[in-house]
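Trainee: What follows is input.txt; its format and atoms are compact mmCIF, C-alpha atoms and all ligand atoms.
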```txt
# COMPACT_ATOMS: atom_id res chain seq x y z
CA MET A 1 -0.37 -24.25 7.76
CA ARG A 2 0.21 -23.17 4.17
CA SER A 3 -0.67 -19.66 3.14
CA SER A 4 -1.38 -18.34 -0.35
CA GLU A 5 0.93 -15.37 0.32
CA TYR A 6 4.69 -15.15 0.58
CA GLU A 7 5.86 -13.94 3.98
CA VAL A 8 6.45 -10.18 4.03
CA LEU A 9 9.82 -9.22 5.51
CA LEU A 10 10.22 -5.62 4.42
CA HIS A 11 7.46 -3.10 5.10
CA ARG A 12 7.33 0.03 3.00
CA HIS A 13 7.01 3.26 4.96
CA PRO A 14 3.75 5.11 4.25
CA ASN A 15 5.72 8.34 3.56
CA ASN A 16 7.55 6.75 0.60
CA PRO A 17 9.33 8.14 -1.27
CA ILE A 18 10.85 9.89 1.74
CA LEU A 19 13.27 12.03 -0.33
CA THR A 20 13.16 13.24 -3.93
CA ALA A 21 15.10 15.75 -6.03
CA LYS A 22 12.42 18.34 -5.19
CA ASP A 23 13.60 18.31 -1.56
CA TRP A 24 17.14 19.34 -2.56
CA PRO A 25 18.47 22.82 -1.77
CA TYR A 26 20.20 22.99 -5.18
CA PRO A 27 19.26 21.65 -8.62
CA ILE A 28 19.65 17.91 -9.15
CA HIS A 29 17.90 15.51 -11.50
CA THR A 30 17.41 12.47 -9.23
CA VAL A 31 18.47 11.21 -5.80
CA PHE A 32 18.73 7.50 -4.94
CA ASN A 33 20.83 4.59 -3.56
CA PRO A 34 21.88 6.18 -0.24
CA GLY A 35 24.40 4.83 2.23
CA ALA A 36 23.10 5.11 5.82
CA THR A 37 24.36 5.20 9.38
CA ARG A 38 23.14 6.13 12.84
CA LEU A 39 25.27 8.87 14.33
CA LYS A 40 26.35 8.89 18.00
CA ASP A 41 23.43 11.18 18.94
CA GLY A 42 20.97 8.60 17.56
CA SER A 43 20.09 10.61 14.46
CA THR A 44 20.24 9.15 10.96
CA LEU A 45 22.63 10.25 8.26
CA LEU A 46 22.06 9.33 4.64
CA LEU A 47 24.83 9.80 2.12
CA CYS A 48 22.70 10.14 -0.97
CA ARG A 49 23.68 9.63 -4.58
CA ALA A 50 22.52 12.75 -6.40
CA GLU A 51 22.64 12.80 -10.19
CA ASP A 52 22.74 16.09 -12.06
CA ARG A 53 21.48 16.85 -15.54
CA ARG A 54 24.85 16.04 -17.07
CA GLY A 55 24.34 12.47 -15.81
CA ILE A 56 27.20 12.78 -13.30
CA SER A 57 26.60 11.69 -9.68
CA HIS A 58 28.01 13.11 -6.43
CA LEU A 59 27.21 12.34 -2.79
CA CYS A 60 25.21 14.60 -0.51
CA ALA A 61 24.46 14.16 3.21
CA ALA A 62 20.92 14.37 4.60
CA ARG A 63 20.36 14.22 8.37
CA SER A 64 17.18 13.52 10.36
CA ARG A 65 16.40 12.93 14.04
CA ASN A 66 13.92 10.11 13.35
CA GLY A 67 15.26 8.82 10.03
CA ILE A 68 11.90 9.46 8.37
CA ASP A 69 11.27 13.17 7.88
CA ASN A 70 12.53 16.71 8.59
CA TRP A 71 15.73 16.01 6.70
CA ILE A 72 18.44 18.64 6.84
CA ILE A 73 20.28 18.43 3.56
CA ASP A 74 23.74 19.87 2.93
CA SER A 75 23.46 23.06 0.87
CA GLU A 76 26.09 21.86 -1.62
CA PRO A 77 27.62 18.52 -2.62
CA THR A 78 29.17 16.85 0.45
CA PHE A 79 31.56 14.58 -1.44
CA ALA A 80 32.02 15.45 -5.11
CA PRO A 81 34.09 13.74 -7.80
CA ASP A 82 37.69 14.96 -7.95
CA PRO A 83 38.69 13.99 -11.49
CA ILE A 84 41.87 16.11 -11.52
CA ASN A 85 43.44 14.05 -8.74
CA TYR A 86 41.33 10.91 -9.20
CA PRO A 87 40.61 10.47 -12.92
CA GLU A 88 38.71 7.29 -12.13
CA GLU A 89 35.93 9.62 -10.86
CA VAL A 90 35.55 11.64 -14.05
CA TRP A 91 32.01 10.36 -14.71
CA GLY A 92 30.94 10.55 -11.10
CA ILE A 93 30.79 8.75 -7.77
CA GLU A 94 27.89 6.46 -6.98
CA ASP A 95 26.24 4.06 -4.54
CA PRO A 96 28.08 4.65 -1.24
CA ARG A 97 28.04 1.97 1.48
CA ILE A 98 29.00 3.25 4.94
CA THR A 99 30.69 1.10 7.61
CA TYR A 100 31.56 2.41 11.05
CA MET A 101 34.79 0.79 12.27
CA PRO A 102 34.72 0.93 16.09
CA ASP A 103 38.44 0.14 16.45
CA ILE A 104 39.60 3.17 14.46
CA GLN A 105 36.50 5.28 15.19
CA GLU A 106 36.09 6.19 11.54
CA TYR A 107 33.42 5.71 8.95
CA LEU A 108 34.68 3.93 5.86
CA VAL A 109 32.76 4.64 2.69
CA ALA A 110 33.08 2.23 -0.23
CA TYR A 111 31.69 3.74 -3.43
CA THR A 112 31.65 3.28 -7.17
CA ALA A 113 34.11 5.53 -8.99
CA PHE A 114 32.98 5.83 -12.60
CA GLY A 115 35.88 6.51 -14.92
CA LYS A 116 36.80 6.00 -18.55
CA SER A 117 37.68 2.32 -18.00
CA GLY A 118 34.28 1.69 -16.40
CA PRO A 119 33.05 1.51 -12.80
CA GLY A 120 35.59 0.59 -10.10
CA VAL A 121 35.58 0.45 -6.29
CA ALA A 122 37.05 3.33 -4.27
CA ILE A 123 37.26 3.91 -0.52
CA ALA A 124 37.24 7.09 1.57
CA SER A 125 37.21 7.61 5.33
CA THR A 126 35.58 10.31 7.44
CA THR A 127 34.76 11.09 11.04
CA ASP A 128 32.22 13.84 10.42
CA PHE A 129 30.88 13.51 6.85
CA VAL A 130 32.39 16.93 6.15
CA ASN A 131 36.03 16.07 5.53
CA PHE A 132 36.93 12.89 3.65
CA GLN A 133 40.27 11.16 3.13
CA ARG A 134 40.50 9.22 -0.12
CA TYR A 135 42.22 5.86 -0.39
CA GLY A 136 41.60 5.99 -4.14
CA LEU A 137 40.66 3.14 -6.41
CA VAL A 138 41.05 -0.25 -4.71
CA MET A 139 39.35 -2.51 -7.27
CA HIS A 140 39.78 -1.62 -10.91
CA ALA A 141 36.95 -1.66 -13.48
CA ASP A 142 34.62 -3.44 -13.92
CA ASP A 143 33.86 -3.77 -10.24
CA LYS A 144 31.20 -2.25 -7.97
CA ASP A 145 28.63 -3.03 -5.23
CA ALA A 146 31.26 -2.96 -2.48
CA ALA A 147 31.17 -2.61 1.30
CA ILE A 148 33.62 -3.18 4.14
CA PHE A 149 32.76 -5.44 7.09
CA PRO A 150 32.58 -3.56 10.43
CA ARG A 151 35.10 -5.98 11.99
CA ARG A 152 38.54 -7.20 11.07
CA PHE A 153 39.32 -10.89 10.63
CA ASN A 154 42.74 -11.85 12.03
CA GLY A 155 43.62 -8.17 11.81
CA GLU A 156 42.52 -7.81 8.20
CA TYR A 157 39.76 -5.69 6.72
CA ALA A 158 37.32 -7.55 4.49
CA LEU A 159 35.51 -6.17 1.45
CA ILE A 160 32.64 -7.64 -0.54
CA HIS A 161 32.65 -6.52 -4.17
CA ARG A 162 31.29 -7.53 -7.56
CA PRO A 163 33.77 -7.75 -10.42
CA SER A 164 32.04 -8.43 -13.70
CA THR A 165 32.98 -9.72 -17.10
CA GLU A 166 30.87 -10.18 -20.20
CA THR A 167 29.78 -13.59 -18.98
CA SER A 168 29.71 -13.39 -15.16
CA ALA A 169 28.83 -11.07 -12.30
CA HIS A 170 29.24 -12.84 -8.96
CA MET A 171 29.98 -11.58 -5.45
CA TRP A 172 33.58 -11.87 -4.25
CA ILE A 173 35.42 -11.14 -1.00
CA SER A 174 38.93 -9.70 -0.57
CA PHE A 175 41.06 -8.95 2.49
CA SER A 176 43.53 -6.18 3.32
CA PRO A 177 45.89 -5.27 6.16
CA ASP A 178 45.71 -1.53 5.44
CA LEU A 179 42.73 -0.72 3.14
CA HIS A 180 45.19 -0.03 0.29
CA ASN A 181 46.43 -3.49 -0.63
CA TRP A 182 43.76 -6.10 -1.25
CA GLY A 183 44.20 -9.82 -1.87
CA ARG A 184 43.17 -13.33 -0.79
CA THR A 185 40.26 -12.79 -3.18
CA MET A 186 37.62 -15.53 -3.16
CA LEU A 187 34.31 -16.18 -4.83
CA LEU A 188 31.69 -15.50 -2.16
CA LEU A 189 28.31 -16.04 -3.78
CA PRO A 190 27.70 -16.90 -7.43
CA ALA A 191 24.78 -15.69 -9.52
CA ARG A 192 22.46 -18.57 -10.33
CA ARG A 193 21.64 -19.50 -13.89
CA GLY A 194 18.72 -20.04 -16.21
CA ALA A 195 15.33 -18.80 -15.12
CA TRP A 196 16.28 -17.87 -11.55
CA TRP A 197 15.43 -14.37 -10.26
CA ASP A 198 19.12 -13.93 -9.40
CA ALA A 199 20.52 -15.46 -12.58
CA ARG A 200 23.58 -14.04 -14.31
CA LYS A 201 24.10 -10.91 -12.22
CA ILE A 202 24.04 -10.34 -8.46
CA GLY A 203 25.68 -7.80 -6.14
CA LEU A 204 25.82 -6.76 -2.50
CA SER A 205 23.11 -4.36 -1.40
CA PRO A 206 23.83 -2.72 2.02
CA PRO A 207 26.89 -3.67 4.13
CA PRO A 208 26.69 -7.06 5.94
CA ILE A 209 24.57 -7.13 9.11
CA GLU A 210 26.20 -8.74 12.16
CA THR A 211 23.90 -11.19 14.00
CA GLU A 212 24.45 -14.01 16.51
CA GLU A 213 23.87 -16.55 13.73
CA GLY A 214 26.30 -15.00 11.29
CA TRP A 215 26.63 -12.16 8.79
CA LEU A 216 23.27 -11.51 7.23
CA VAL A 217 23.81 -10.31 3.68
CA MET A 218 21.14 -8.73 1.54
CA TYR A 219 21.96 -8.86 -2.14
CA HIS A 220 20.29 -7.80 -5.37
CA GLY A 221 19.60 -10.14 -8.23
CA VAL A 222 18.98 -8.95 -11.74
CA ARG A 223 16.62 -10.84 -14.01
CA ARG A 224 16.69 -9.86 -17.66
CA HIS A 225 13.41 -9.91 -19.57
CA ALA A 226 12.47 -8.89 -23.08
CA SER A 227 11.27 -5.56 -21.69
CA GLY A 228 14.31 -4.87 -19.47
CA SER A 229 15.81 -5.85 -16.12
CA ILE A 230 14.14 -6.37 -12.73
CA TYR A 231 16.22 -5.66 -9.60
CA ARG A 232 15.03 -7.70 -6.60
CA LEU A 233 16.50 -8.57 -3.18
CA GLY A 234 17.47 -11.84 -1.52
CA LEU A 235 19.23 -12.98 1.65
CA ALA A 236 22.22 -15.15 2.51
CA LEU A 237 24.08 -15.90 5.75
CA PHE A 238 27.86 -16.16 6.21
CA ASP A 239 30.05 -17.48 9.01
CA LEU A 240 30.88 -14.92 11.69
CA LYS A 241 34.60 -15.75 11.96
CA HIS A 242 35.13 -16.86 8.36
CA PRO A 243 32.95 -14.53 6.30
CA GLU A 244 33.94 -16.27 3.05
CA ILE A 245 31.90 -19.30 4.15
CA CYS A 246 28.27 -19.25 3.06
CA LEU A 247 25.95 -20.98 5.54
CA LYS A 248 22.56 -20.37 3.97
CA ARG A 249 21.07 -18.87 0.87
CA GLY A 250 17.42 -18.06 0.38
CA ASN A 251 15.82 -19.42 -2.74
CA VAL A 252 13.06 -16.93 -3.40
CA TRP A 253 13.45 -13.17 -3.48
CA MET A 254 12.15 -11.37 -0.41
CA PHE A 255 11.52 -7.87 -1.83
CA GLY A 256 10.95 -6.59 -5.31
CA PRO A 257 9.55 -3.55 -7.14
CA GLU A 258 5.77 -3.32 -6.82
CA GLU A 259 4.79 0.27 -6.04
CA PRO A 260 4.51 2.91 -8.80
CA TYR A 261 7.58 4.79 -7.46
CA GLU A 262 9.61 1.55 -7.79
CA LEU A 263 8.24 0.58 -11.19
CA VAL A 264 8.49 3.91 -12.97
CA GLY A 265 11.48 6.23 -13.09
CA ASP A 266 14.81 6.62 -14.87
CA VAL A 267 15.43 2.88 -14.43
CA GLY A 268 12.04 1.29 -13.73
CA SER A 269 11.59 -1.93 -11.75
CA ALA A 270 14.57 -1.35 -9.47
CA VAL A 271 14.82 -1.40 -5.67
CA PHE A 272 18.40 -0.77 -4.58
CA PRO A 273 19.28 -0.40 -0.86
CA CYS A 274 22.81 0.74 -0.01
CA GLY A 275 22.35 1.32 3.73
CA TYR A 276 20.49 0.48 6.91
CA THR A 277 20.21 1.61 10.51
CA VAL A 278 19.43 -0.62 13.49
CA ASP A 279 16.96 0.39 16.21
CA ASP A 280 17.78 0.57 19.93
CA ASP A 281 16.19 -2.86 20.47
CA GLN A 282 18.90 -4.29 18.14
CA ASP A 283 16.19 -6.08 16.13
CA GLY A 284 14.31 -3.43 14.19
CA ILE A 285 16.16 -2.47 11.03
CA ASN A 286 15.52 0.32 8.54
CA PHE A 287 16.61 -0.13 4.94
CA TYR A 288 17.09 2.94 2.78
CA TYR A 289 16.77 2.19 -0.88
CA GLY A 290 16.79 3.84 -4.25
CA ALA A 291 13.51 3.36 -6.13
CA ALA A 292 13.67 3.24 -9.94
CA ASP A 293 16.96 5.21 -9.81
CA SER A 294 14.83 8.27 -9.05
CA SER A 295 13.97 8.65 -5.35
CA ILE A 296 14.84 7.45 -1.84
CA CYS A 297 12.52 5.12 0.07
CA LEU A 298 12.43 3.41 3.47
CA ALA A 299 11.40 -0.14 4.38
CA THR A 300 11.45 -1.55 7.92
CA ALA A 301 12.13 -5.12 8.98
CA SER A 302 13.09 -7.36 11.89
CA ILE A 303 16.51 -9.05 11.96
CA SER A 304 15.17 -12.09 13.86
CA GLN A 305 12.33 -12.52 11.35
CA MET A 306 14.81 -12.39 8.46
CA LEU A 307 16.96 -15.05 10.17
CA ASN A 308 13.92 -17.28 10.80
CA TRP A 309 12.88 -16.88 7.18
CA LEU A 310 16.32 -17.93 6.03
CA ASN A 311 16.16 -20.99 8.30
CA GLN A 312 12.93 -22.02 6.60
CA GLU A 313 13.45 -20.83 3.04
CA GLY A 314 17.17 -21.16 2.64
CA ASN A 315 19.38 -23.91 1.33
CA GLN A 316 21.78 -25.18 3.96
CA LEU A 317 25.15 -24.51 2.43
CA THR A 318 28.71 -25.18 3.48
CA GLY A 319 32.02 -23.94 2.25
CA VAL A 320 33.09 -21.14 0.03
CA ALA A 321 31.05 -20.13 -2.98
CA GLY A 322 27.91 -21.67 -1.54
CA GLN A 323 28.53 -25.36 -2.18
CA ILE A 324 25.48 -27.38 -1.16
CA ALA A 325 25.79 -29.47 1.98
CA GLU A 326 26.04 -33.20 1.44
CA GLN A 327 22.74 -33.83 3.15
CA GLY A 328 21.06 -31.19 1.01
CA SER A 329 19.06 -31.56 -2.14
CA ASP A 330 20.85 -33.22 -5.05
CA GLU A 331 19.44 -30.52 -7.28
CA PRO A 332 22.07 -27.76 -7.40
CA PRO A 333 20.51 -24.41 -6.59
CA TYR A 334 22.19 -22.75 -9.55
C1 LIG B 401 23.21 -1.06 -10.88
C2 LIG B 401 23.88 0.15 -10.27
C3 LIG B 401 22.91 0.99 -9.50
C4 LIG B 401 21.59 1.19 -10.19
C5 LIG B 401 21.07 -0.11 -10.74
C6 LIG B 401 19.78 0.05 -11.53
O1 LIG B 401 24.06 -1.70 -11.77
O2 LIG B 401 24.46 0.91 -11.29
O3 LIG B 401 23.50 2.25 -9.28
O4 LIG B 401 20.67 1.69 -9.25
O5 LIG B 401 22.05 -0.68 -11.58
O6 LIG B 401 19.98 0.94 -12.61
```
Would it be possible to restate this file's structure as structure tokens?

Mentor:
Amino acid sequence: MRSSEYEVLLHRHPNNPILTAKDWPYPIHTVFNPGATRLKDGSTLLLCRAEDRRGISHLCAARSRNGIDNWIIDSEPTFAPDPINYPEEVWGIEDPRITYMPDIQEYLVAYTAFGKSGPGVAIASTTDFVNFQRYGLVMHADDKDAAIFPRRFNGEYALIHRPSTETSAHMWISFSPDLHNWGRTMLLLPARRGAWWDARKIGLSPPPIETEEGWLVMYHGVRRHASGSIYRLGLALFDLKHPEICLKRGNVWMFGPEEPYELVGDVGSAVFPCGYTVDDDQDGINFYYGAADSSICLATASISQMLNWLNQEGNQLTGVAGQIAEQGSDEPPY
């Protein structure tokens, strides 16, 4: 039966925004785009991007038992730019994506290091979100929107990232034996063209989600209008063993800015998740997102519902860079 409504996959929490600059124990201008993880005791840790009134961002940890309220926020920046030793961080560090690597029992944080050449991708590791070890810049400017897969592939780490030029901003994947040296770089998912919601510029949102059907990847698409850009979210699925192979790509966006706190702020009309946590039932999933580059919000979803949606809404794709399957439509999706 047809319905007049699009299926709703992400449900906004009634407490939204769950964290704002007013909650901070020290002065900041805005807080948004947090990385997220569930700690061993079941509590939630957000590594939040806090921007000060200079315009420079640092990262600050907020912890909560239920991932919704009663946040305990570090009393000073948890992970601050270190421009003396890492000049690529001179204009701040932004948009962390956290991956727990079970085999080395460390959290790997991929973040945007904003330096004088532009934004690049840097990596740091931690076990406690107190002490961090920097790997430094791994993808030079312009590159951002990066996260590491929580598994290795034939012994190699894999990183999704988004290099951009004046004419293109697609998602790419690179591999590394040691987190320092990256190569075997391949186009993973291209931005579409023309009028599409994800035309011209796309990028990874939170780290890939491991499911039985493949790696579920939420990405943001940027549509430019006369009055500015709209940041919305879509879904794609990649092969479990060969993550460079795209299996499915949704056509329509599944979440976009609608509420006042998403429409109005420093950068209006932007929803930007950098992290999620998975519930004990392994199906419920909580996305933490920046709203209008000003506050932190929560939306809940079901992994199985997202996979079903992709089965119905998505193009069946095969091969790298989302080539359409032979039996698919002869109309290229982009
Ligand atoms: C992207 C990133 C994000 C930001 C978004 C909207 O390019 O820089 O940090 O939230 O733009 O401004």

Trainee: Determine, using all atoms listed in the file, which residues of chain A have any atom at most 6 Å from an atom of ligand LIG 401 (chain B), and tabulate each with its shortest atom pair and distance in Å to one decimal place, rows ordered by chain and then rising number, as a tab-separated table.

Mentor:
```
residue	atom	partner	partner_atom	distance
A:Asp95	CA	B:LIG401	O3	5.8
A:Val267	CA	B:LIG401	O6	5.3
A:Ala270	CA	B:LIG401	C6	5.8
A:Phe272	CA	B:LIG401	O4	5.7
A:Asp293	CA	B:LIG401	O4	5.1
```

Trainee: Between CA of Leu235 in chain A and CA of Arg151 in chain A, measure the distance and give it in Å to one decimal.

Mentor: 20.2 Å

Trainee: Find the distance between CA of Trp24 in chain A and CA of Ile73 in chain A and write it in Å to one decimal.

Mentor: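 Taking CA of Trp24 in chain A as the start and CA of Ile73 in chain A as the end point, the length is 6.9 Å.
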
Trainee: Determine the nearest neighbour of Leu179 in chain A from the options A:Val138, A:Ala195, A:Leu204, A:Met306, counting all atoms listed in the file.

Mentor: A:Val138

Trainee: Show me as an MDAnalysis selection string the residues that reach within 9 Å of (18.4, -21.3, 6.5), counting only C-alpha atoms and using the file's own coordinates.

Mentor: chainID A and resid 236:237 247:250 307:317

Trainee: Which residues of range 161-212 of chain A come within 10 Å of range 35-50 of chain A, and for each one, what is the closest pair of atoms and their distance in Å to one decimal, counting all atoms listed in the file, sorted by chain and residue number, as a tab-separated table?

Mentor:
```
residue	atom	partner	partner_atom	distance
A:Ser205	CA	A:Gly35	CA	10.0
A:Pro206	CA	A:Gly35	CA	7.6
A:Pro207	CA	A:Gly35	CA	9.1
```

Trainee: Which residue is closest to Phe287 in chain A? Choose from A:Leu188, A:Ala226, A:Met218, A:Ile245 and count only C-alpha atoms.

Mentor: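 Closest residue, counting only C-alpha atoms: A:Met218.
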
Trainee: Which residues are near His161 in chain A? Cut-off 8 Å, all atoms listed in the file, ignore same chain within fewer than 3 positions. Put them as a list in words.

Mentor: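 These residues fall inside the cut-off: Val121, Asp143, Lys144, Asp145, Ala146, Ala147, Met171, Trp172, Ile173, Ser174, Gly203 and Leu204 of chain A.
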
Trainee: Tell me which of A:Cys297, A:Leu137, A:Val222, A:Cys246 sits closest to Glu259 in chain A, counting all atoms listed in the file.

Mentor: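 Of the candidates, the smallest distance to Glu259 in chain A is held by A:Cys297.
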
Trainee: Give the answer as one residue: which of A:Leu59, A:Met186, A:Val252, A:Ile230 has the shortest atom-to-atom distance to Ala80 in chain A, using all atoms listed in the file?

Mentor: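 Among the listed residues, the smallest separation from Ala80 in chain A belongs to A:Leu59.
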
Trainee: Please, what distance in Å, to one decimal, runs between CA of Gly118 in chain A and CA of Glu76 in chain A?

Mentor: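 Atom-to-atom, CA of Gly118 in chain A and CA of Glu76 in chain A are spaced 26.3 Å apart.
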
Trainee: Skipping near chain neighbours, those fewer than 4 positions away, what residues fall within 6 Å of range 7-23 of chain A using only C-alpha atoms, listed as a PyMOL selection string?

Mentor: chain A and resi 28+30-31+295-301
